[in-house]
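Student: Contents are compact mmCIF, C-alpha atoms and all ligand atoms; file name input.txt:
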```txt
# COMPACT_ATOMS: atom_id res chain seq x y z
CA MET L 276 63.99 97.64 113.50
CA SER L 277 63.66 96.74 117.13
CA LEU L 278 66.89 98.26 118.29
CA ARG L 279 66.77 99.78 121.78
CA THR L 280 67.51 103.51 121.56
CA ILE L 281 68.95 106.11 123.95
CA SER L 282 65.55 107.54 124.90
CA GLU L 283 64.61 104.14 126.36
CA LEU L 284 67.40 104.50 128.93
CA GLY L 285 65.40 107.17 130.77
CA PRO L 286 66.66 110.56 132.01
CA LEU L 287 70.45 110.59 131.96
CA ALA L 288 71.33 113.81 133.79
CA GLY L 289 73.93 113.00 136.43
CA THR L 290 74.21 109.41 135.15
CA ARG L 291 77.55 107.86 134.18
CA VAL L 292 77.10 106.61 130.62
CA ILE L 293 79.70 104.40 128.95
CA VAL L 294 79.74 104.93 125.17
CA ARG L 295 81.45 102.41 122.86
CA CYS L 296 82.60 104.33 119.80
CA ASP L 297 84.67 103.17 116.83
CA LEU L 298 87.46 105.75 116.91
CA ASN L 299 89.76 103.49 114.89
CA VAL L 300 91.17 106.22 112.63
CA PRO L 301 94.16 106.07 110.29
CA LEU L 302 97.30 107.64 111.80
CA LYS L 303 100.57 108.66 110.24
CA ASP L 304 103.50 109.68 112.45
CA GLY L 305 101.08 110.04 115.35
CA LYS L 306 98.74 112.36 113.42
CA ILE L 307 95.19 111.52 112.37
CA THR L 308 94.98 111.42 108.57
CA ASP L 309 91.18 111.11 108.46
CA ASP L 310 88.92 112.06 111.37
CA GLY L 311 85.67 110.78 109.82
CA ARG L 312 84.99 108.27 112.58
CA VAL L 313 85.62 110.89 115.28
CA ARG L 314 83.17 113.25 113.57
CA ALA L 315 80.62 110.46 113.23
CA SER L 316 80.75 109.91 116.99
CA VAL L 317 79.92 113.52 117.84
CA PRO L 318 76.08 113.52 117.55
CA THR L 319 75.52 110.80 120.17
CA LEU L 320 78.12 112.27 122.52
CA THR L 321 76.62 115.75 122.19
CA THR L 322 73.13 114.41 122.89
CA LEU L 323 74.33 112.76 126.09
CA LEU L 324 76.41 115.72 127.26
CA GLU L 325 73.56 118.14 126.65
CA GLN L 326 71.39 115.97 128.87
CA GLY L 327 73.95 116.39 131.66
CA ALA L 328 75.33 112.85 131.55
CA LYS L 329 78.87 112.00 132.66
CA VAL L 330 80.25 110.40 129.50
CA VAL L 331 82.95 107.71 129.46
CA VAL L 332 84.09 106.95 125.91
CA ILE L 333 85.73 103.62 125.08
CA SER L 334 87.17 102.47 121.75
CA HIS L 335 89.82 100.35 120.10
CA LEU L 336 92.46 101.66 117.70
CA GLY L 337 94.25 99.32 115.32
CA ARG L 338 95.14 95.79 116.26
CA PRO L 339 97.62 95.89 119.17
CA ASP L 340 98.30 92.54 120.73
CA GLY L 341 96.42 92.76 124.04
CA ALA L 342 99.14 94.91 125.67
CA PRO L 343 99.97 98.65 125.67
CA ASP L 344 101.64 99.83 122.46
CA ALA L 345 102.26 103.58 122.22
CA GLN L 346 101.70 103.77 118.46
CA TYR L 347 98.06 102.76 119.03
CA SER L 348 97.31 105.24 121.83
CA LEU L 349 93.95 107.01 121.67
CA ALA L 350 95.55 110.22 123.04
CA PRO L 351 95.58 112.07 119.67
CA VAL L 352 91.99 110.98 119.09
CA ALA L 353 90.86 112.37 122.45
CA GLU L 354 92.51 115.66 121.50
CA ARG L 355 90.68 115.77 118.16
CA LEU L 356 87.40 114.89 119.86
CA SER L 357 87.88 117.81 122.22
CA GLU L 358 88.33 120.17 119.26
CA LEU L 359 85.22 118.82 117.54
CA LEU L 360 83.07 118.97 120.68
CA GLY L 361 84.42 122.38 121.64
CA ARG L 362 84.94 121.29 125.24
CA PRO L 363 87.66 119.61 127.32
CA VAL L 364 88.00 115.83 127.04
CA ALA L 365 89.85 114.11 129.89
CA PHE L 366 92.11 111.22 128.91
CA ALA L 367 92.95 108.13 130.99
CA THR L 368 96.32 106.56 130.21
CA ASP L 369 94.98 103.08 130.90
CA THR L 370 91.64 101.38 130.23
CA VAL L 371 90.58 99.82 133.52
CA GLY L 372 93.47 100.75 135.85
CA GLU L 373 94.16 103.55 138.30
CA SER L 374 94.21 106.33 135.73
CA ALA L 375 90.82 105.31 134.34
CA ALA L 376 89.31 105.03 137.82
CA SER L 377 90.46 108.49 138.86
CA VAL L 378 89.51 110.17 135.56
CA VAL L 379 86.03 108.63 135.68
CA ASP L 380 85.67 109.53 139.35
CA ALA L 381 86.43 113.17 138.67
CA LEU L 382 83.75 113.57 135.98
CA GLU L 383 81.04 116.13 136.72
CA ASP L 384 77.66 116.33 135.00
CA GLY L 385 78.08 117.22 131.32
CA GLN L 386 81.76 116.26 131.26
CA ILE L 387 83.48 113.65 129.10
CA ALA L 388 86.52 111.36 129.27
CA VAL L 389 88.18 108.93 126.86
CA LEU L 390 89.83 105.79 128.22
CA GLU L 391 92.96 104.31 126.60
CA ASN L 392 92.67 101.71 123.81
CA LEU L 393 90.48 98.74 124.77
CA ARG L 394 92.75 96.37 122.85
CA PHE L 395 95.66 97.09 125.20
CA ASN L 396 93.85 94.49 127.33
CA ALA L 397 93.81 90.83 126.29
CA GLY L 398 90.29 90.42 127.72
CA GLU L 399 88.76 92.66 125.04
CA THR L 400 89.35 90.25 122.16
CA ALA L 401 89.80 86.98 124.12
CA LYS L 402 88.42 83.87 122.40
CA ASP L 403 87.22 82.57 125.77
CA SER L 404 83.95 84.31 126.67
CA ALA L 405 84.68 83.97 130.41
CA GLU L 406 87.79 86.11 129.94
CA ARG L 407 85.79 88.68 128.00
CA VAL L 408 83.19 88.80 130.78
CA VAL L 409 85.88 89.52 133.40
CA PHE L 410 87.14 92.47 131.34
CA ALA L 411 83.61 93.68 130.59
CA GLN L 412 82.85 93.67 134.33
CA LYS L 413 85.79 96.00 134.94
CA LEU L 414 84.45 98.35 132.25
CA ALA L 415 80.90 98.11 133.58
CA ALA L 416 82.08 99.44 136.95
CA PHE L 417 82.63 102.84 135.27
CA GLY L 418 78.97 103.46 134.44
CA SER L 419 75.37 102.61 135.13
CA VAL L 420 74.17 102.49 131.52
CA PHE L 421 75.81 101.61 128.20
CA VAL L 422 75.39 103.16 124.75
CA SER L 423 76.83 101.23 121.83
CA ASP L 424 77.64 103.47 118.89
CA GLY L 425 80.69 101.90 117.26
CA PHE L 426 79.01 100.68 114.11
CA GLY L 427 82.35 99.65 112.55
CA VAL L 428 82.84 96.99 115.20
CA VAL L 429 79.34 95.49 115.67
CA HIS L 430 80.41 92.36 113.77
CA ARG L 431 82.99 91.57 116.45
CA LYS L 432 81.98 89.50 119.49
CA GLN L 433 84.30 91.41 121.80
CA ALA L 434 83.96 92.40 125.45
CA SER L 435 83.10 96.07 124.91
CA VAL L 436 80.71 95.28 122.05
CA TYR L 437 78.85 92.27 123.35
CA GLU L 438 79.43 91.26 126.96
CA LEU L 439 79.33 94.84 128.28
CA ALA L 440 75.95 95.37 126.62
CA GLU L 441 74.65 92.35 128.51
CA LEU L 442 75.94 93.57 131.86
CA LEU L 443 74.35 97.06 131.86
CA PRO L 444 71.07 98.54 130.61
CA SER L 445 72.08 99.22 127.01
CA ALA L 446 70.94 100.94 123.83
CA ALA L 447 72.22 101.91 120.38
CA GLY L 448 73.47 105.41 119.69
CA THR L 449 72.34 107.57 116.80
CA LEU L 450 75.22 106.57 114.50
CA ILE L 451 74.21 102.91 114.59
CA GLU L 452 70.58 103.89 113.99
CA ALA L 453 71.53 106.05 111.00
CA GLU L 454 73.80 103.40 109.48
CA LEU L 455 71.12 100.73 109.69
CA THR L 456 68.49 102.95 108.11
CA VAL L 457 70.59 103.21 104.94
CA LEU L 458 72.00 99.68 104.90
CA GLU L 459 68.52 98.20 105.27
CA LYS L 460 67.70 99.67 101.86
CA LEU L 461 70.45 97.47 100.45
CA THR L 462 69.21 94.31 102.13
CA ARG L 463 65.46 94.79 101.61
CA THR L 464 64.96 96.21 98.15
CA PRO L 465 68.17 96.89 96.28
CA GLU L 466 67.37 98.26 92.87
CA LYS L 467 68.97 96.09 90.17
CA PRO L 468 71.54 95.78 88.73
CA TYR L 469 73.31 95.54 92.08
CA ALA L 470 77.12 95.56 92.17
CA VAL L 471 79.43 95.02 95.14
CA VAL L 472 83.05 96.14 94.85
CA LEU L 473 85.55 94.54 97.23
CA GLY L 474 89.16 95.39 97.93
CA GLY L 475 91.36 96.35 100.86
CA SER L 476 93.74 94.32 102.95
CA LYS L 477 91.57 92.46 105.49
CA VAL L 478 91.39 89.64 102.98
CA SER L 479 90.63 86.65 105.18
CA ASP L 480 87.79 88.55 106.93
CA LYS L 481 86.20 89.62 103.71
CA LEU L 482 86.60 86.52 101.56
CA GLY L 483 84.21 84.86 103.98
CA VAL L 484 81.28 87.10 103.06
CA ILE L 485 81.43 86.39 99.33
CA GLY L 486 79.57 83.08 99.46
CA HIS L 487 76.57 84.77 101.08
CA LEU L 488 76.70 87.84 98.87
CA LEU L 489 76.70 85.95 95.57
CA PRO L 490 72.98 85.09 95.54
CA ARG L 491 72.13 88.73 96.32
CA VAL L 492 74.12 90.62 93.69
CA ASP L 493 74.47 90.85 89.91
CA SER L 494 78.18 91.65 89.82
CA LEU L 495 81.05 91.31 92.23
CA LEU L 496 84.15 93.32 91.38
CA ILE L 497 87.39 92.24 93.03
CA GLY L 498 90.34 94.58 93.52
CA GLY L 499 92.77 95.50 96.32
CA GLY L 500 94.70 92.90 98.26
CA MET L 501 91.89 90.44 97.68
CA LEU L 502 92.41 90.05 93.96
CA PHE L 503 95.57 87.96 94.20
CA THR L 504 93.85 85.04 95.87
CA PHE L 505 91.42 85.03 92.93
CA LEU L 506 94.24 85.17 90.38
CA ALA L 507 95.95 82.31 92.22
CA ALA L 508 92.68 80.36 92.09
CA GLN L 509 92.77 80.79 88.32
CA GLY L 510 96.26 79.27 88.31
CA HIS L 511 98.26 82.50 87.95
CA LYS L 512 101.42 83.39 89.85
CA VAL L 513 101.17 86.52 92.02
CA GLY L 514 104.78 87.23 93.01
CA ALA L 515 105.08 88.64 96.53
CA SER L 516 101.57 90.16 96.50
CA LEU L 517 99.11 89.67 99.36
CA LEU L 518 97.86 86.09 99.14
CA GLU L 519 95.68 83.88 101.34
CA ALA L 520 96.99 80.54 100.09
CA ASP L 521 94.70 78.53 102.34
CA GLN L 522 91.65 80.23 100.78
CA ILE L 523 92.42 79.31 97.16
CA ASP L 524 90.07 76.31 97.15
CA THR L 525 87.29 78.39 98.74
CA VAL L 526 87.75 81.01 96.04
CA LYS L 527 87.62 78.33 93.33
CA GLY L 528 84.28 77.32 94.84
CA TYR L 529 83.04 80.94 94.60
CA LEU L 530 84.01 81.10 90.93
CA THR L 531 82.02 77.91 90.18
CA GLU L 532 79.07 79.05 92.27
CA ALA L 533 78.97 82.45 90.56
CA GLU L 534 78.82 80.75 87.17
CA ARG L 535 75.95 78.54 88.35
CA LEU L 536 74.04 81.56 89.67
CA GLY L 537 74.74 83.70 86.60
CA VAL L 538 76.55 86.27 88.75
CA GLN L 539 79.42 88.11 87.13
CA ILE L 540 82.66 88.05 89.16
CA VAL L 541 84.75 90.76 87.53
CA LEU L 542 88.47 90.19 88.03
CA PRO L 543 91.37 92.46 87.05
CA THR L 544 92.96 91.96 83.66
CA ASP L 545 95.91 94.19 84.50
CA VAL L 546 97.68 95.22 87.70
CA VAL L 547 100.35 97.67 88.83
CA VAL L 548 103.37 95.72 90.07
CA ALA L 549 106.06 97.36 92.22
CA SER L 550 109.65 96.48 93.12
CA LYS L 551 108.92 97.07 96.83
CA PHE L 552 106.38 98.64 99.19
CA GLY L 553 107.03 102.38 99.10
CA ALA L 554 106.17 105.60 97.26
CA ASP L 555 109.62 105.56 95.60
CA ALA L 556 109.27 101.97 94.32
CA GLU L 557 109.78 101.24 90.64
CA HIS L 558 106.49 100.06 89.14
CA VAL L 559 105.00 98.79 85.89
CA VAL L 560 101.59 97.86 84.56
CA THR L 561 101.36 94.23 83.55
CA ALA L 562 98.74 91.67 82.53
CA ALA L 563 97.12 89.98 85.52
CA ASP L 564 98.43 86.60 84.34
CA ALA L 565 102.03 87.88 83.98
CA ILE L 566 102.79 89.34 87.41
CA GLU L 567 106.09 87.45 87.73
CA GLU L 568 107.18 88.42 84.21
CA THR L 569 108.11 92.00 85.11
CA PRO L 570 111.75 93.02 85.82
CA PHE L 571 110.97 92.37 89.52
CA GLY L 572 110.26 88.68 88.92
CA ALA L 573 108.81 86.70 91.80
CA SER L 574 109.48 89.55 94.24
CA GLY L 575 107.09 91.90 92.40
CA LEU L 576 104.27 93.26 94.55
CA GLY L 577 100.81 93.99 93.12
CA LEU L 578 99.81 97.31 94.67
CA ASP L 579 96.96 98.56 92.46
CA ILE L 580 94.57 97.46 89.74
CA GLY L 581 95.71 98.50 86.27
CA PRO L 582 94.14 101.20 84.07
CA ASP L 583 92.18 98.78 81.82
CA THR L 584 90.71 97.08 84.86
CA ALA L 585 89.83 100.40 86.50
CA ALA L 586 88.07 101.56 83.30
CA HIS L 587 86.12 98.31 83.07
CA PHE L 588 85.16 98.44 86.77
CA ALA L 589 83.98 102.03 86.28
CA GLU L 590 81.77 100.94 83.37
CA VAL L 591 80.11 98.15 85.39
CA ILE L 592 79.64 100.53 88.35
CA ARG L 593 78.06 103.28 86.24
CA GLY L 594 75.72 100.70 84.69
CA SER L 595 74.42 99.61 88.09
CA LYS L 596 71.53 101.06 90.08
CA THR L 597 72.84 99.99 93.48
CA VAL L 598 76.55 99.84 94.34
CA PHE L 599 78.25 98.98 97.60
CA TRP L 600 82.02 99.41 97.80
CA ASN L 601 84.35 98.33 100.58
CA GLY L 602 88.13 98.26 100.44
CA PRO L 603 90.50 100.46 98.42
CA MET L 604 91.53 99.11 95.01
CA GLY L 605 95.20 99.63 95.80
CA VAL L 606 97.59 101.17 98.29
CA PHE L 607 95.98 104.60 97.82
CA GLU L 608 98.09 106.07 100.65
CA LEU L 609 101.02 106.03 98.19
CA GLU L 610 100.29 108.27 95.19
CA PRO L 611 101.70 105.88 92.51
CA PHE L 612 99.13 103.28 93.58
CA ALA L 613 96.06 105.50 94.07
CA ALA L 614 94.76 105.63 90.49
CA GLY L 615 92.53 102.52 90.64
CA THR L 616 90.83 103.73 93.82
CA ARG L 617 90.37 107.20 92.30
CA THR L 618 88.71 105.84 89.13
CA VAL L 619 86.39 103.56 91.09
CA ALA L 620 85.47 106.38 93.51
CA GLU L 621 84.68 108.68 90.63
CA ALA L 622 82.46 106.05 89.00
CA LEU L 623 80.51 105.67 92.24
CA THR L 624 79.79 109.41 92.23
CA GLN L 625 78.21 108.93 88.79
CA VAL L 626 75.83 106.11 89.73
CA ASP L 627 72.23 106.83 88.81
CA GLY L 628 70.85 105.17 91.94
CA LEU L 629 72.22 104.40 95.39
CA SER L 630 76.00 104.33 95.96
CA VAL L 631 77.40 103.39 99.35
CA VAL L 632 81.06 103.43 100.40
CA GLY L 633 81.90 101.57 103.62
CA GLY L 634 85.00 101.13 105.76
CA GLY L 635 87.46 103.22 107.73
CA ASP L 636 90.13 103.22 105.03
CA SER L 637 87.70 103.40 102.12
CA ALA L 638 86.10 106.51 103.60
CA ALA L 639 89.56 107.94 104.28
CA ALA L 640 90.53 107.14 100.69
CA ILE L 641 87.68 109.02 99.06
CA ARG L 642 88.31 112.07 101.22
CA SER L 643 92.06 112.05 100.65
CA LEU L 644 91.44 111.80 96.90
CA GLY L 645 89.37 114.97 97.03
CA PHE L 646 85.82 113.59 97.02
CA ALA L 647 83.20 114.79 99.49
CA ASP L 648 80.88 112.52 101.46
CA ASP L 649 77.97 114.22 99.67
CA ASP L 650 79.22 112.90 96.33
CA PHE L 651 77.96 109.46 97.41
CA GLY L 652 74.58 108.17 98.59
CA HIS L 653 76.09 107.21 101.93
CA VAL L 654 79.54 106.87 103.46
CA SER L 655 79.42 104.20 106.13
CA THR L 656 81.87 104.08 109.03
CA GLY L 657 81.88 100.27 108.85
CA GLY L 658 83.56 98.09 106.23
CA GLY L 659 83.48 94.54 107.56
CA ALA L 660 80.40 95.41 109.64
CA SER L 661 78.48 96.69 106.59
CA LEU L 662 79.50 93.69 104.49
CA GLU L 663 78.41 91.20 107.12
CA PHE L 664 75.15 93.11 107.54
CA LEU L 665 74.58 92.99 103.76
CA GLU L 666 75.20 89.25 103.64
CA GLY L 667 72.31 88.88 106.08
CA LYS L 668 74.37 87.73 109.03
CA HIS L 669 73.19 88.22 112.62
CA LEU L 670 75.74 90.60 114.08
CA PRO L 671 76.50 90.10 117.80
CA GLY L 672 76.83 93.82 118.54
CA LEU L 673 73.36 94.48 117.10
CA GLU L 674 71.57 91.41 118.43
CA VAL L 675 72.62 92.29 121.96
CA LEU L 676 70.84 95.66 121.48
CA GLY L 677 67.60 93.94 120.54
CA TRP L 678 68.02 93.85 116.75
CA HIS L 679 66.72 90.78 114.96
N1 LIG M 1 97.17 95.35 96.61
C1 LIG M 1 97.25 95.68 97.90
N2 LIG M 1 98.24 95.19 98.68
C2 LIG M 1 98.34 95.55 99.98
N3 LIG M 1 97.47 96.37 100.61
C3 LIG M 1 96.46 96.87 99.88
C4 LIG M 1 96.29 96.57 98.51
N4 LIG M 1 95.20 97.23 98.06
C5 LIG M 1 94.72 97.92 99.10
N5 LIG M 1 95.47 97.74 100.20
C6 LIG M 1 95.34 98.36 101.53
O1 LIG M 1 94.11 98.05 102.11
C7 LIG M 1 93.94 98.92 103.23
C8 LIG M 1 92.50 99.04 103.60
O2 LIG M 1 91.94 97.77 103.77
P1 LIG M 1 90.67 97.49 104.72
O3 LIG M 1 91.01 97.77 106.14
O4 LIG M 1 90.23 96.11 104.37
O5 LIG M 1 89.59 98.57 104.20
P2 LIG M 1 88.43 99.32 104.99
O6 LIG M 1 89.04 99.95 106.23
O7 LIG M 1 87.89 100.31 104.04
O8 LIG M 1 87.44 98.24 105.36
C9 LIG M 1 94.58 100.23 102.80
O9 LIG M 1 95.45 100.65 103.83
C10 LIG M 1 95.32 99.89 101.50
O10 LIG M 1 96.65 100.38 101.47
O1 LIG M 2 88.32 99.48 110.91
C1 LIG M 2 87.41 98.70 111.19
O2 LIG M 2 86.82 97.92 110.27
P1 LIG M 2 86.91 98.09 108.64
O3 LIG M 2 88.37 98.10 108.24
O4 LIG M 2 86.20 96.86 108.14
O5 LIG M 2 86.19 99.36 108.29
C2 LIG M 2 86.82 98.60 112.57
O6 LIG M 2 87.36 99.57 113.43
C3 LIG M 2 87.00 97.20 113.12
O7 LIG M 2 88.37 96.92 113.31
P2 LIG M 2 88.89 95.40 113.27
O8 LIG M 2 88.68 94.89 111.86
O9 LIG M 2 90.34 95.48 113.67
O10 LIG M 2 88.06 94.63 114.28
```
Output the file's structure in the form of structure tokens.

Tutor:
Amino acid sequence: MSLRTISELGPLAGTRVIVRCDLNVPLKDGKITDDGRVRASVPTLTTLLEQGAKVVVISHLGRPDGAPDAQYSLAPVAERLSELLGRPVAFATDTVGESAASVVDALEDGQIAVLENLRFNAGETAKDSAERVVFAQKLAAFGSVFVSDGFGVVHRKQASVYELAELLPSAAGTLIEAELTVLEKLTRTPEKPYAVVLGGSKVSDKLGVIGHLLPRVDSLLIGGGMLFTFLAAQGHKVGASLLEADQIDTVKGYLTEAERLGVQIVLPTDVVVASKFGADAEHVVTAADAIEETPFGASGLGLDIGPDTAAHFAEVIRGSKTVFWNGPMGVFELEPFAAGTRTVAEALTQVDGLSVVGGGDSAAAIRSLGFADDDFGHVSTGGGASLEFLEGKHLPGLEVLGWH
């Protein structure tokens, strides 16, 4: 790999270093439910602080709409980071405004601050690159070098990921280096059979990678919110479940292509259908082609794969030598819909080969279900980023750091 690394930035004592982390953690009632991404950010931050750098941490959290939204504040994350680092972490209540300027100004050597959510500013995710540059310039004023360490976001061409890295001398942090070392094993020489398991709720993002993954894998297992677009492509009704209706033709194309390539796309044969979205919902297991035939009719919501499907997925997973999994199989946050994710997670721990779990919520899921990171070959902080890396795509946030 030709990625520029921190050591190439020269001595950093007394230097203001901006660090782009992915601190996009799951929150419930303002509390962090899984701090994996905060922990994963610690090694790079510690390295810089021990060198005597003044560290300015930037990150997004969730998908606010380009304006401040209290539920997506990074304040609780800054607090957790302070506990993990064992030192004070200053917090700016805006990203590029007066609070940020004064917090950054007050930093002494070896001190650290977190700025408020990047996505409270429309420039961060603007489609127009000129708008992104304007925002990146405001960020760049807070430092003289830039370290990019938010692996989970390197597939996004956003101001703090791409344009900022062009404006300042920049390098990758140790988390990105570590992630790529493992993921390269999956792109270069995956031991066969190779299975990829896809689920989760970012359906439109992730459907796009399937076309490129098909020629690389032996089996593709589809669960989570993604499965309903596949069932619809097979002509089945899916009630009120998550559906990307405009992707049905694309998915039909994937099914044909998989057949031509001899790749197995494994789809659910049964699903758990609920009366509503909630832990107290009534729910039943039904055949995947009979989702609207439950007592809930067309308002039934598919919230997990069924037990037969989970058992079959587990069998395919255990029979593979390389497995990559992104996206929970169901709404694991609600206990009645966690079983599919639990069974799949357990099967990954039994793989005789390399098993990799990727994604903020997938990593949170395995931990909340009682598994340890060590039970798997690797737990990646990136879901979409890992998938796009595996499909062989050139990721903007890596290319800008010299990767090709
Ligand atoms: N059938 C489903 N319907 C709605 N949401 C689902 C379903 N299955 C899984 N999910 C949700 O998907 C979310 C995670 O999706 P995603 O962000 O794509 O995963 P990751 O962060 O691991 O990449 C979880 O919050 C989970 O509740
Ligand atoms: O959670 C993330 O990605 P993931 O859900 O694919 O793991 C990253 O923080 C990127 O967030 P985004 O998908 O809102 O750009």

Student: Using all atoms listed in the file, find each residue in chain L having at least one atom no more than 7 Å away from ligand LIG 2 (chain M); report its shortest atom-to-atom pair and that distance in Å (one decimal), rows by chain then rising number, as a Markdown table.

Tutor:
```
| residue | atom | partner | partner_atom | distance |
| --- | --- | --- | --- | --- |
| L:Asp297 | CA | M:LIG2 | O6 | 5.6 |
| L:Asn299 | CA | M:LIG2 | O6 | 4.8 |
| L:Leu336 | CA | M:LIG2 | O6 | 7.0 |
| L:Gly337 | CA | M:LIG2 | O9 | 5.7 |
| L:Arg338 | CA | M:LIG2 | O9 | 5.5 |
| L:Gly427 | CA | M:LIG2 | C2 | 4.6 |
| L:Val428 | CA | M:LIG2 | C3 | 4.7 |
| L:Arg431 | CA | M:LIG2 | O10 | 6.3 |
| L:Gly633 | CA | M:LIG2 | O5 | 6.7 |
| L:Gly634 | CA | M:LIG2 | O5 | 3.3 |
| L:Gly635 | CA | M:LIG2 | O5 | 4.1 |
| L:Asp636 | CA | M:LIG2 | O3 | 6.3 |
| L:Thr656 | CA | M:LIG2 | O5 | 6.4 |
| L:Gly657 | CA | M:LIG2 | O5 | 4.4 |
| L:Gly658 | CA | M:LIG2 | O4 | 3.5 |
| L:Gly659 | CA | M:LIG2 | O4 | 3.6 |
| L:Ala660 | CA | M:LIG2 | O4 | 6.2 |
```

Student: Excluding Ala446 in chain L and its own-chain neighbours fewer than 5 positions away, which residues fall within 7 Å of it when counting all atoms listed in the file? Please give them as number ranges by chain.

Tutor: L: 279-281, 421-423, 676

Student: Please provide the set of residues having any atom within 9 Å of range 586-589 of chain L, restricted to all atoms listed in the file, with same-chain residues fewer than 3 positions apart removed, written as a PyMOL selection string.

Tutor: chain L and resi 472+496+541-543+581-583+592-594+615+618-623

Student: How would you write, as a list in words, the set of residues no farther than 6 Å from ligand LIG 1 (chain M) when counting only C-alpha atoms and all ligand atoms?

Tutor: Gly475, Ser476, Lys477, Gly499, Gly500, Leu517, Gly577, Leu578, Asp579, Asn601, Gly602, Pro603, Met604, Gly605, Val606, Phe607, Glu608, Gly634, Gly635, Asp636, Ser637, Gly658 and Gly659 of chain L

Student: Quick one: pull the distance between CA of Arg394 in chain L and CA of Asp340 in chain L, Å, one decimal.

Tutor: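 These two atoms are separated by 7.1 Å.
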
Student: From the list L:His558, L:Lys329, L:Lys306, L:Arg463, which residue is nearest Glu383 in chain L when using only C-alpha atoms?

Tutor: L:Lys329

Student: So how many Å separate CA of Glu283 in chain L and CA of His430 in chain L, to one decimal?

Tutor: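 Taking CA of Glu283 in chain L as the start and CA of His430 in chain L as the end point, the length is 23.4 Å.
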
Student: So how far away is CA of Val546 in chain L from CA of Gly528 in chain L, in Å?

Tutor: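 Rounded to one decimal, the two atoms are 23.5 Å apart.
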
Student: Find the residues near Leu530 in chain L: any atom within 9 Å, counting only C-alpha atoms, skip ones fewer than 6 places away on the same chain, and give them as a list in words.

Tutor: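 Contacts, with the query itself left out: Phe505, Ala508 and Ile540 of chain L.
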
Student: Hey, which of L:Ala638, L:Leu576, L:Val492, L:Ala647 ends up closest to Thr308 in chain L? Count only C-alpha atoms.

Tutor: L:Ala638

Student: Compare L:Val352, L:Asp403, L:Val632, L:Asn392 by their minimum atom-to-atom distance to Asp309 in chain L, counting all atoms listed in the file, and give me the closest one.

Tutor: L:Val352

Student: Residues around (88.0, 86.8, 126.1), cut-off 12 Å, counting all atoms listed in the file - what are they as a list in words?

Tutor: Gly341, Arg394, Asn396, Ala397, Gly398, Glu399, Thr400, Ala401, Lys402, Asp403, Ser404, Ala405, Glu406, Arg407, Val408, Val409, Phe410, Ala411, Gln412, Arg431, Lys432, Gln433, Ala434, Ser435, Val436, Tyr437 and Glu438 of chain L

Student: Would you mind listing what lies within 12 Å of Val313 in chain L as a PyMOL selection string, with all atoms listed in the file counted and same-chain residues fewer than 2 positions away left out?

Tutor: chain L and resi 296-301+307-311+315-320+332+334+336+349+351-360+424-425+450+635+656

Student: Go ahead and save the picked residues with C-alpha atoms, as a PDB file, keeping the file's coordinate frame.

Tutor:
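Output file result.pdb follows:
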```pdb
ATOM      1  CA  CYS L 296      82.600 104.330 119.800  1.00  0.00           C
ATOM      2  CA  ASP L 297      84.670 103.170 116.830  1.00  0.00           C
ATOM      3  CA  LEU L 298      87.460 105.750 116.910  1.00  0.00           C
ATOM      4  CA  ASN L 299      89.760 103.490 114.890  1.00  0.00           C
ATOM      5  CA  VAL L 300      91.170 106.220 112.630  1.00  0.00           C
ATOM      6  CA  PRO L 301      94.160 106.070 110.290  1.00  0.00           C
ATOM      7  CA  ILE L 307      95.190 111.520 112.370  1.00  0.00           C
ATOM      8  CA  THR L 308      94.980 111.420 108.570  1.00  0.00           C
ATOM      9  CA  ASP L 309      91.180 111.110 108.460  1.00  0.00           C
ATOM     10  CA  ASP L 310      88.920 112.060 111.370  1.00  0.00           C
ATOM     11  CA  GLY L 311      85.670 110.780 109.820  1.00  0.00           C
ATOM     12  CA  ALA L 315      80.620 110.460 113.230  1.00  0.00           C
ATOM     13  CA  SER L 316      80.750 109.910 116.990  1.00  0.00           C
ATOM     14  CA  VAL L 317      79.920 113.520 117.840  1.00  0.00           C
ATOM     15  CA  PRO L 318      76.080 113.520 117.550  1.00  0.00           C
ATOM     16  CA  THR L 319      75.520 110.800 120.170  1.00  0.00           C
ATOM     17  CA  LEU L 320      78.120 112.270 122.520  1.00  0.00           C
ATOM     18  CA  VAL L 332      84.090 106.950 125.910  1.00  0.00           C
ATOM     19  CA  SER L 334      87.170 102.470 121.750  1.00  0.00           C
ATOM     20  CA  LEU L 336      92.460 101.660 117.700  1.00  0.00           C
ATOM     21  CA  LEU L 349      93.950 107.010 121.670  1.00  0.00           C
ATOM     22  CA  PRO L 351      95.580 112.070 119.670  1.00  0.00           C
ATOM     23  CA  VAL L 352      91.990 110.980 119.090  1.00  0.00           C
ATOM     24  CA  ALA L 353      90.860 112.370 122.450  1.00  0.00           C
ATOM     25  CA  GLU L 354      92.510 115.660 121.500  1.00  0.00           C
ATOM     26  CA  ARG L 355      90.680 115.770 118.160  1.00  0.00           C
ATOM     27  CA  LEU L 356      87.400 114.890 119.860  1.00  0.00           C
ATOM     28  CA  SER L 357      87.880 117.810 122.220  1.00  0.00           C
ATOM     29  CA  GLU L 358      88.330 120.170 119.260  1.00  0.00           C
ATOM     30  CA  LEU L 359      85.220 118.820 117.540  1.00  0.00           C
ATOM     31  CA  LEU L 360      83.070 118.970 120.680  1.00  0.00           C
ATOM     32  CA  ASP L 424      77.640 103.470 118.890  1.00  0.00           C
ATOM     33  CA  GLY L 425      80.690 101.900 117.260  1.00  0.00           C
ATOM     34  CA  LEU L 450      75.220 106.570 114.500  1.00  0.00           C
ATOM     35  CA  GLY L 635      87.460 103.220 107.730  1.00  0.00           C
ATOM     36  CA  THR L 656      81.870 104.080 109.030  1.00  0.00           C
TER      37      THR L 656
END
```
